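Asker: Mind looking over this structure? Questions follow.
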Amino acid sequence: MSQTATPAHYAFWPTRLPHAITVPATSVWDNLAVSARRYPDKPAMVFLGRSTSYAELHAASERLAAWLHGIGVRRGDRVILLAQNTPQLVLAHYAILRANAVVVPVNPMNTAEELKHYIEDSGARVAITTADLAGQLARASNELPEGERLQHLLVSQFTDVFDADVQGPAAPPEGWRAWLLGEYPAPQLDGGKVHAWADALACQDAPPAHTVGRDDMAVLPYTSGTTGLPKGCMHLHRSINHNTVAGAYWASSTSEGVVLAVVPMFHITGLVMTLHSSIYSGATLILMPRWDRELAGRLISHYRVTNWTNIPTMVIDLLASPNFASFDLSSLKYIGGGGAAMPQAVAQRLLEQYGLRFSEGYGLTETAAPSHSNPPERPKQQCLGIPFMSTDARIVDPETLREVPQGEQGEIVVHGPEVFEGYWKRPDATAEVFFELDGKRFFRTGDLGRVDEEGYFFITDRLKRMINASGYKVWPAEVEALMFRHPAVQEACVIGTKDAYRGESVKAVVVLRAGHEGTTEQDIVDWCRQNMAVYKAPRSVSFVQALPKSGSGKVMWRTLQEQEKAGTP
């Protein structure tokens with residue numbers, strides 16, 4: 001789209017919506033404060049049968065903010081939040097913001113080896129987690145040099161927030177009981193203090209004055225990339241709030257909405273499009289800490305869920321349930337998501353059986369979730385959608401950074417208020433992903449795509465290496481860096497392999513060190529599962545004598561990837 005032309009996609013824009021919105025001047029915390037004043041007695045969230053009102057959530061967040069201030073958390077300090085979709089995550093997220101601090105949301109699948117980087121890089125001295133994850137977090141901290149460790153670790157039990165004897169449609173699956181009700185040993189935090197959730201929430205001190213606004217940092221989510229370790233993405237209150245408000249409008253979220261919160265809320269999509277949009281609207285969150293198709297079906301039916309943002313594999317799994325006929329999905333008004341393409345046959349079944357048009361979207365951690373989304377009234381299948389509200393997106397030549405003609409392949413680039421400020425402590429990496437076009441600062445997504453004659457965007461390839469496993473992005477460079485710590489691995493190259501259910505899975509091509517010839521594929525797979533998040537861990541391993549390399553000595557990963565696609569060894 002040139003600077004002067006009317007965008008083609010405006011012809012298909014939802015008539016109920018403006019093309020752009022005014023970003024609130026307030027902080028993300030203010031969204032909860034306003035909803036709590038408007039709807040004090042309304043359920044803000046329901047977790048395994050226990051309901052928390054907006055007034056209760058607001059009051060508890062203020063008490064926890066006061067406690068954080070009391071242990072030394074100040075404006076701009078980073079606080080790690082490591083949790084599944086639980087009331088603790090929601091409450092702690094807003095308490096950190098209320099305390100004028102910055103949330104560092106971390107994937108609970110990470111192991112201690114991976115967690116060390118988040119503590120060290122963010123400079124966090126305080127972390128909040130649940131008892132099942134506290135041991136890994138404490139171990140990660142204890143293995144760091146003395147000056148870089150956590151000073152405070154706040155630990156909650158699942159039974160702090162739900163009733164163990166809950167019955168009926170909201171009861172957790174039997175297989176979850178050991179996890180939710182298990183006795184976890186108290187972690188040992190070297191040089192620091194471990195605190196109990198109940199003690200922190202009993203704080204009677206006044207919270208500090210809320211002084212942050214739209215131009216302060218709110219969240220520091222981490223994203224992996226083509227090289228090395230994950231990088232922190234600096235999101236201000238205004239970039240998060242833009243997509244919070246726009247996302248609520250787009251999905252027709254209202255104070256009467258009931259939202260199934262099963263997309264992980266440590267992840268940017270769940271954080272913005274599920275958590276923040278719902279609280280902004282005054283809707284009710286039905287929290288699921290993990291995916292389980294039977295529980296999801298019961299919760300949608302029982303609570304009359306209206307809005308469900310998801311990963312397509314969840315819909316596929318739900319439709320495959322032997323009990324599917326007993327579920328009532330008639331309350332759903334909006335269903336959409338991203339992370340992976342929705343198979344056409346599944347989208348068609350949703351439309352024919354329920355009149356639901358699955359609305360696919362596209363975005364990155366750097367764009368606070370959607371930079372593109374399909375209009376719910378006129379979505380296209382296997383499509384990223386159109387540029388989101390207030391957003392200018394183009395297709396450019398990756399070499400010249402000049403716009404290419406409509407229909408031609410190029411790199412997707414994005415300009416808009418949802419785009420992050422840059423990478424935390426990485427001015428070099430920040431400079432690489434931004435450039436100027438028509439007087440605007442554009443972000444380079446690293447994804448190749450094209451635009452059709454109606455202004456809808458389609459992804460065609462990846463400029464960067466990335467594997468998409470059930471919507472989770474796996475960056476091979478990060479997996480390789482971890483694998484090199486295995487004593488038997490001399491070299492490793494990670495590639496994607498086709499997977500009928502997950503879309504793609506992770507495969508490692510490995511050269512063994514001399515003296516370790518007895519190492520088996522299972523040995524490597526087991527070690528990887530112990531030392532990295534499950535979705536990153538290779539599911540298959542091939543051993544080779546040598547990796548293909550270029551004249552400059554770089555591993556030719558594309559050659560291995562093409563051989564894998566062609567089915568040749």
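Quick note on naming: the chains in the structure tokens go A, B, ... in the order shown, residues restart at 1 in each chain, and ligands are numbered from 1 in order of appearance.
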Write out as a ChimeraX atom specification each polymer residue whose atoms come within 12 Å of region 555-566 of chain A, counting only C-alpha atoms; drop sequence neighbours fewer than 2 positions from it.
Answerer: /A:462-467,476-477,480,491-499,504-510,542,544,546-553,568-569
Asker: Go ahead and save the picked residues with N, CA and C atoms, as an mmCIF file, in the first residue's frame.
Answerer:
```cif
data_model
loop_
_atom_site.group_PDB
_atom_site.id
_atom_site.type_symbol
_atom_site.label_atom_id
_atom_site.label_comp_id
_atom_site.auth_asym_id
_atom_site.auth_seq_id
_atom_site.Cartn_x
_atom_site.Cartn_y
_atom_site.Cartn_z
ATOM 1 N N ARG A 462 9.312 -18.427 5.416
ATOM 2 C CA ARG A 462 9.976 -17.718 6.493
ATOM 3 C C ARG A 462 11.350 -17.270 6.050
ATOM 4 N N LEU A 463 11.623 -16.003 6.282
ATOM 5 C CA LEU A 463 12.944 -15.481 5.976
ATOM 6 C C LEU A 463 13.922 -16.018 7.014
ATOM 7 N N LYS A 464 13.420 -16.103 8.256
ATOM 8 C CA LYS A 464 14.242 -16.611 9.357
ATOM 9 C C LYS A 464 13.935 -18.092 9.564
ATOM 10 N N ARG A 465 14.837 -18.780 10.248
ATOM 11 C CA ARG A 465 14.579 -20.171 10.628
ATOM 12 C C ARG A 465 13.579 -20.188 11.780
ATOM 13 N N MET A 466 12.533 -20.955 11.631
ATOM 14 C CA MET A 466 11.570 -21.086 12.729
ATOM 15 C C MET A 466 10.725 -22.324 12.482
ATOM 16 N N ILE A 467 10.447 -23.060 13.541
ATOM 17 C CA ILE A 467 9.596 -24.242 13.468
ATOM 18 C C ILE A 467 8.325 -23.926 14.241
ATOM 19 N N PRO A 476 15.463 -22.769 16.027
ATOM 20 C CA PRO A 476 16.513 -23.781 16.041
ATOM 21 C C PRO A 476 17.806 -23.343 16.726
ATOM 22 N N ALA A 477 18.193 -22.075 16.563
ATOM 23 C CA ALA A 477 19.460 -21.624 17.154
ATOM 24 C C ALA A 477 19.456 -21.782 18.671
ATOM 25 N N GLU A 480 19.745 -25.551 19.463
ATOM 26 C CA GLU A 480 21.127 -25.979 19.199
ATOM 27 C C GLU A 480 22.069 -25.532 20.310
ATOM 28 N N GLU A 491 28.345 -31.513 17.244
ATOM 29 C CA GLU A 491 27.639 -30.515 16.440
ATOM 30 C C GLU A 491 26.171 -30.923 16.337
ATOM 31 N N ALA A 492 25.309 -29.932 16.193
ATOM 32 C CA ALA A 492 23.891 -30.229 16.017
ATOM 33 C C ALA A 492 23.261 -29.192 15.104
ATOM 34 N N CYS A 493 22.363 -29.655 14.258
ATOM 35 C CA CYS A 493 21.565 -28.751 13.430
ATOM 36 C C CYS A 493 20.108 -29.155 13.604
ATOM 37 N N VAL A 494 19.281 -28.187 13.946
ATOM 38 C CA VAL A 494 17.869 -28.453 14.229
ATOM 39 C C VAL A 494 17.015 -28.012 13.045
ATOM 40 N N ILE A 495 16.118 -28.902 12.626
ATOM 41 C CA ILE A 495 15.236 -28.621 11.489
ATOM 42 C C ILE A 495 13.804 -29.011 11.853
ATOM 43 N N GLY A 496 12.873 -28.630 11.011
ATOM 44 C CA GLY A 496 11.475 -28.993 11.223
ATOM 45 C C GLY A 496 11.119 -30.226 10.424
ATOM 46 N N THR A 497 10.218 -31.043 10.968
ATOM 47 C CA THR A 497 9.742 -32.222 10.261
ATOM 48 C C THR A 497 8.221 -32.239 10.306
ATOM 49 N N LYS A 498 7.582 -32.743 9.285
ATOM 50 C CA LYS A 498 6.120 -32.728 9.210
ATOM 51 C C LYS A 498 5.515 -33.565 10.331
ATOM 52 N N ASP A 499 4.414 -33.063 10.885
ATOM 53 C CA ASP A 499 3.700 -33.758 11.956
ATOM 54 C C ASP A 499 2.211 -33.578 11.686
ATOM 55 N N GLU A 504 4.220 -29.142 12.669
ATOM 56 C CA GLU A 504 5.643 -29.436 12.559
ATOM 57 C C GLU A 504 6.149 -29.954 13.901
ATOM 58 N N SER A 505 7.194 -30.765 13.848
ATOM 59 C CA SER A 505 7.902 -31.180 15.052
ATOM 60 C C SER A 505 9.383 -30.872 14.875
ATOM 61 N N VAL A 506 10.107 -30.994 15.978
ATOM 62 C CA VAL A 506 11.525 -30.637 15.985
ATOM 63 C C VAL A 506 12.376 -31.886 15.781
ATOM 64 N N LYS A 507 13.332 -31.785 14.892
ATOM 65 C CA LYS A 507 14.268 -32.874 14.632
ATOM 66 C C LYS A 507 15.693 -32.342 14.745
ATOM 67 N N ALA A 508 16.588 -33.148 15.329
ATOM 68 C CA ALA A 508 17.991 -32.754 15.448
ATOM 69 C C ALA A 508 18.866 -33.687 14.616
ATOM 70 N N VAL A 509 19.744 -33.096 13.844
ATOM 71 C CA VAL A 509 20.755 -33.859 13.102
ATOM 72 C C VAL A 509 22.068 -33.653 13.856
ATOM 73 N N VAL A 510 22.650 -34.745 14.355
ATOM 74 C CA VAL A 510 23.727 -34.650 15.338
ATOM 75 C C VAL A 510 24.995 -35.370 14.881
ATOM 76 N N SER A 542 18.731 -37.730 14.176
ATOM 77 C CA SER A 542 19.496 -38.487 13.186
ATOM 78 C C SER A 542 20.966 -38.250 13.450
ATOM 79 N N VAL A 544 24.818 -38.256 12.017
ATOM 80 C CA VAL A 544 25.579 -38.170 10.764
ATOM 81 C C VAL A 544 27.064 -38.035 11.086
ATOM 82 N N ALA A 546 29.087 -35.949 9.446
ATOM 83 C CA ALA A 546 29.432 -34.529 9.343
ATOM 84 C C ALA A 546 28.216 -33.760 8.841
ATOM 85 N N LEU A 547 28.107 -32.494 9.245
ATOM 86 C CA LEU A 547 27.040 -31.625 8.757
ATOM 87 C C LEU A 547 27.508 -30.923 7.486
ATOM 88 N N PRO A 548 26.601 -30.698 6.521
ATOM 89 C CA PRO A 548 26.998 -29.973 5.314
ATOM 90 C C PRO A 548 27.342 -28.519 5.657
ATOM 91 N N LYS A 549 28.469 -28.029 5.093
ATOM 92 C CA LYS A 549 28.907 -26.671 5.417
ATOM 93 C C LYS A 549 29.281 -25.904 4.159
ATOM 94 N N SER A 550 29.114 -24.575 4.256
ATOM 95 C CA SER A 550 29.471 -23.695 3.143
ATOM 96 C C SER A 550 30.976 -23.471 3.153
ATOM 97 N N GLY A 551 31.431 -22.751 2.131
ATOM 98 C CA GLY A 551 32.862 -22.443 2.044
ATOM 99 C C GLY A 551 33.359 -21.649 3.231
ATOM 100 N N SER A 552 32.470 -20.881 3.852
ATOM 101 C CA SER A 552 32.870 -20.081 5.011
ATOM 102 C C SER A 552 32.731 -20.847 6.326
ATOM 103 N N GLY A 553 32.308 -22.120 6.224
ATOM 104 C CA GLY A 553 32.211 -22.943 7.424
ATOM 105 C C GLY A 553 30.865 -22.922 8.104
ATOM 106 N N THR A 568 14.673 -37.543 1.735
ATOM 107 C CA THR A 568 15.963 -38.182 1.451
ATOM 108 C C THR A 568 16.877 -38.036 2.660
ATOM 109 N N PRO A 569 17.694 -39.053 2.960
ATOM 110 C CA PRO A 569 18.549 -38.975 4.156
ATOM 111 C C PRO A 569 19.670 -37.964 3.982
#
```
Asker: Write out as a list in words the residues lying within 6 Å of region 447-461 of chain A, counting only C-alpha atoms and excluding same-chain residues fewer than 3 positions away.
Answerer: Ala8, His9, Cys383, Leu384, Gly385, Ile386, Gln406, Gly407, Glu408, Gln409, Gly410, Glu411 and Ile412 of chain A
Asker: Quick one: write out the picked residues with N, CA and C atoms as an mmCIF file, in the first residue's frame?
Answerer:
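File written: selection.cif
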```cif
data_model
loop_
_atom_site.group_PDB
_atom_site.id
_atom_site.type_symbol
_atom_site.label_atom_id
_atom_site.label_comp_id
_atom_site.auth_asym_id
_atom_site.auth_seq_id
_atom_site.Cartn_x
_atom_site.Cartn_y
_atom_site.Cartn_z
ATOM 1 N N ALA A 8 -6.753 -1.335 -0.093
ATOM 2 C CA ALA A 8 -7.778 -2.184 -0.712
ATOM 3 C C ALA A 8 -8.653 -2.863 0.340
ATOM 4 N N HIS A 9 -8.045 -3.196 1.488
ATOM 5 C CA HIS A 9 -8.809 -3.959 2.488
ATOM 6 C C HIS A 9 -9.878 -3.123 3.187
ATOM 7 N N CYS A 383 -5.368 -17.733 5.860
ATOM 8 C CA CYS A 383 -5.007 -16.351 5.550
ATOM 9 C C CYS A 383 -4.689 -15.599 6.833
ATOM 10 N N LEU A 384 -3.708 -14.682 6.781
ATOM 11 C CA LEU A 384 -3.338 -13.894 7.961
ATOM 12 C C LEU A 384 -4.374 -12.820 8.279
ATOM 13 N N GLY A 385 -5.126 -12.423 7.275
ATOM 14 C CA GLY A 385 -6.106 -11.360 7.463
ATOM 15 C C GLY A 385 -5.630 -10.047 6.878
ATOM 16 N N ILE A 386 -6.231 -8.958 7.370
ATOM 17 C CA ILE A 386 -5.900 -7.616 6.890
ATOM 18 C C ILE A 386 -5.163 -6.871 7.998
ATOM 19 N N GLN A 406 1.629 -5.599 -5.902
ATOM 20 C CA GLN A 406 0.598 -6.482 -5.320
ATOM 21 C C GLN A 406 0.705 -7.871 -5.944
ATOM 22 N N GLY A 407 0.662 -8.888 -5.063
ATOM 23 C CA GLY A 407 0.713 -10.269 -5.536
ATOM 24 C C GLY A 407 2.099 -10.876 -5.510
ATOM 25 N N GLU A 408 3.139 -10.029 -5.477
ATOM 26 C CA GLU A 408 4.504 -10.563 -5.448
ATOM 27 C C GLU A 408 4.929 -10.880 -4.021
ATOM 28 N N GLN A 409 5.830 -11.862 -3.904
ATOM 29 C CA GLN A 409 6.322 -12.253 -2.583
ATOM 30 C C GLN A 409 7.385 -11.284 -2.083
ATOM 31 N N GLY A 410 7.348 -11.020 -0.783
ATOM 32 C CA GLY A 410 8.360 -10.184 -0.145
ATOM 33 C C GLY A 410 8.239 -10.332 1.364
ATOM 34 N N GLU A 411 8.956 -9.493 2.114
ATOM 35 C CA GLU A 411 8.902 -9.566 3.570
ATOM 36 C C GLU A 411 7.753 -8.715 4.109
ATOM 37 N N ILE A 412 7.027 -9.267 5.075
ATOM 38 C CA ILE A 412 5.943 -8.529 5.729
ATOM 39 C C ILE A 412 6.568 -7.552 6.735
#
```
Asker: Near region 315-326 of chain A, counting only C-alpha atoms, which residues have an atom at most 8 Å away, once you skip same-chain residues fewer than 4 positions from it, shown as an mmCIF file with N, CA and C atoms, in the first residue's frame?
Answerer:
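For reference, result_0.cif as written:
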```cif
data_model
loop_
_atom_site.group_PDB
_atom_site.id
_atom_site.type_symbol
_atom_site.label_atom_id
_atom_site.label_comp_id
_atom_site.auth_asym_id
_atom_site.auth_seq_id
_atom_site.Cartn_x
_atom_site.Cartn_y
_atom_site.Cartn_z
ATOM 1 N N ARG A 293 -9.598 -31.416 26.409
ATOM 2 C CA ARG A 293 -10.762 -31.193 25.539
ATOM 3 C C ARG A 293 -12.086 -31.451 26.251
ATOM 4 N N GLU A 294 -12.102 -32.434 27.163
ATOM 5 C CA GLU A 294 -13.364 -32.725 27.859
ATOM 6 C C GLU A 294 -13.741 -31.585 28.802
ATOM 7 N N ALA A 296 -12.720 -28.466 28.510
ATOM 8 C CA ALA A 296 -13.058 -27.309 27.669
ATOM 9 C C ALA A 296 -14.506 -27.402 27.189
ATOM 10 N N GLY A 297 -14.913 -28.580 26.725
ATOM 11 C CA GLY A 297 -16.287 -28.757 26.251
ATOM 12 C C GLY A 297 -17.310 -28.511 27.344
ATOM 13 N N ASN A 310 -7.973 -19.135 20.429
ATOM 14 C CA ASN A 310 -7.318 -20.426 20.625
ATOM 15 C C ASN A 310 -6.243 -20.694 19.586
ATOM 16 N N ILE A 311 -5.664 -21.876 19.712
ATOM 17 C CA ILE A 311 -4.751 -22.403 18.703
ATOM 18 C C ILE A 311 -5.559 -23.449 17.935
ATOM 19 N N VAL A 346 -11.880 -28.249 8.880
ATOM 20 C CA VAL A 346 -12.329 -27.963 10.246
ATOM 21 C C VAL A 346 -13.077 -26.630 10.276
#
```
Asker: Which polymer residues have any atom within 9 Å of an atom of Ser373 (chain A), counting only C-alpha atoms, with same-chain residues fewer than 4 positions away left out, as a ChimeraX atom specification?
Answerer: /A:250,337,359-363,379,383-388
Asker: Okay, now the selection with N, CA and C atoms, as a PDB file, in the first residue's frame?
Answerer:
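Writing done, so here's part.pdb:
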```
ATOM      1  N   TRP A 250     -12.570  -5.629  18.099  1.00  0.00           N
ATOM      2  CA  TRP A 250     -12.538  -6.551  16.952  1.00  0.00           C
ATOM      3  C   TRP A 250     -13.385  -7.796  17.237  1.00  0.00           C
ATOM      4  N   GLY A 337      -8.074 -17.242  16.261  1.00  0.00           N
ATOM      5  CA  GLY A 337      -6.760 -17.508  16.840  1.00  0.00           C
ATOM      6  C   GLY A 337      -5.687 -17.453  15.790  1.00  0.00           C
ATOM      7  N   SER A 359     -11.799 -16.931  12.722  1.00  0.00           N
ATOM      8  CA  SER A 359     -11.087 -15.722  12.305  1.00  0.00           C
ATOM      9  C   SER A 359      -9.602 -15.853  12.646  1.00  0.00           C
ATOM     10  N   GLU A 360      -8.806 -16.167  11.634  1.00  0.00           N
ATOM     11  CA  GLU A 360      -7.359 -16.320  11.863  1.00  0.00           C
ATOM     12  C   GLU A 360      -6.686 -14.952  11.949  1.00  0.00           C
ATOM     13  N   GLY A 361      -5.617 -14.890  12.739  1.00  0.00           N
ATOM     14  CA  GLY A 361      -4.859 -13.659  12.868  1.00  0.00           C
ATOM     15  C   GLY A 361      -3.369 -13.941  12.808  1.00  0.00           C
ATOM     16  N   TYR A 362      -2.603 -12.874  12.834  1.00  0.00           N
ATOM     17  CA  TYR A 362      -1.141 -12.994  12.739  1.00  0.00           C
ATOM     18  C   TYR A 362      -0.501 -11.881  13.536  1.00  0.00           C
ATOM     19  N   GLY A 363       0.553 -12.222  14.217  1.00  0.00           N
ATOM     20  CA  GLY A 363       1.303 -11.215  14.952  1.00  0.00           C
ATOM     21  C   GLY A 363       2.505 -11.851  15.615  1.00  0.00           C
ATOM     22  N   PRO A 379     -13.958 -13.494   6.942  1.00  0.00           N
ATOM     23  CA  PRO A 379     -12.625 -14.070   6.997  1.00  0.00           C
ATOM     24  C   PRO A 379     -12.303 -14.890   5.748  1.00  0.00           C
ATOM     25  N   CYS A 383      -5.368 -17.733   5.860  1.00  0.00           N
ATOM     26  CA  CYS A 383      -5.007 -16.351   5.550  1.00  0.00           C
ATOM     27  C   CYS A 383      -4.689 -15.599   6.833  1.00  0.00           C
ATOM     28  N   LEU A 384      -3.708 -14.682   6.781  1.00  0.00           N
ATOM     29  CA  LEU A 384      -3.338 -13.894   7.961  1.00  0.00           C
ATOM     30  C   LEU A 384      -4.374 -12.820   8.279  1.00  0.00           C
ATOM     31  N   GLY A 385      -5.126 -12.423   7.275  1.00  0.00           N
ATOM     32  CA  GLY A 385      -6.106 -11.360   7.463  1.00  0.00           C
ATOM     33  C   GLY A 385      -5.630 -10.047   6.878  1.00  0.00           C
ATOM     34  N   ILE A 386      -6.231  -8.958   7.370  1.00  0.00           N
ATOM     35  CA  ILE A 386      -5.900  -7.616   6.890  1.00  0.00           C
ATOM     36  C   ILE A 386      -5.163  -6.871   7.998  1.00  0.00           C
ATOM     37  N   PRO A 387      -4.428  -5.802   7.671  1.00  0.00           N
ATOM     38  CA  PRO A 387      -3.735  -5.051   8.723  1.00  0.00           C
ATOM     39  C   PRO A 387      -4.709  -4.606   9.808  1.00  0.00           C
ATOM     40  N   PHE A 388      -4.288  -4.773  11.062  1.00  0.00           N
ATOM     41  CA  PHE A 388      -5.136  -4.509  12.222  1.00  0.00           C
ATOM     42  C   PHE A 388      -5.421  -3.013  12.349  1.00  0.00           C
TER      43      PHE A 388
END
```
Asker: Need the shell around His117 (chain A): protein/DNA/RNA residues with any atom at most 9 Å away, counting only C-alpha atoms. Skip same-chain ones fewer than 5 positions apart. Format as a list in words?
Answerer: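 Those residues are Ser122, Ala140, Leu229 and Pro230 of chain A.
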Asker: So that I can check the secondary structure, give me every residue of region 275-453 of chain A assigned alpha helix (DSSP H) by backbone DSSP, as a PyMOL selection string.
Answerer: chain A and resi 277-281+293-303+312-319+344-354+427-433
Asker: Give the answer as one residue: which of A:Val474, A:Ile279, A:Leu82, A:Val194 has the shortest atom-to-atom distance to Tyr39 (chain A), using only C-alpha atoms?
Answerer: A:Ile279
Asker: For CA of Asn468 (chain A) and CA of Gly336 (chain A), determine how far apart the two atoms are, in Å to one decimal place.
Answerer: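 That distance, rounded to one decimal, is 17.8 Å.
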Asker: Restrict the calculation to only C-alpha atoms, then for each residue of region 64-145 of chain A with any atom at most 10 Å from an atom of region 251-263 of chain A give the closest atom pair and their distance in Å to one decimal, rows by chain and rising residue number, as CSV.
Answerer:
```
residue,atom,partner,partner_atom,distance
A:Gln84,CA,A:Val262,CA,9.5
A:Asn85,CA,A:Val262,CA,7.0
A:Thr86,CA,A:Ala261,CA,9.5
```
Asker: Can you pull out every residue within 7 Å of Tyr222 (chain A), counting only C-alpha atoms, but drop anything in the same chain fewer than 4 positions away, and send it as a ChimeraX atom specification?
Answerer: /A:230-233
Asker: Those same residues - C-alpha atoms - I'd like them written as a compact mmCIF listing (two decimals), in the first residue's frame.
Answerer:
```txt
# COMPACT_ATOMS: atom_id res chain seq x y z
CA PRO A 230 15.77 -15.16 23.82
CA LYS A 231 15.55 -11.35 23.69
CA GLY A 232 13.28 -9.17 25.82
CA CYS A 233 10.72 -7.10 23.90
```
Asker: Have a look at CA of Asp397 (chain A) and CA of Thr445 (chain A) and let me know their distance in Å, one decimal.
Answerer: 12.6 Å
Asker: Write out as a PyMOL selection string all residues of region 8-71 of chain A that backbone DSSP assigns to strand (DSSP E or B).
Answerer: chain A and resi 43-47+50-53
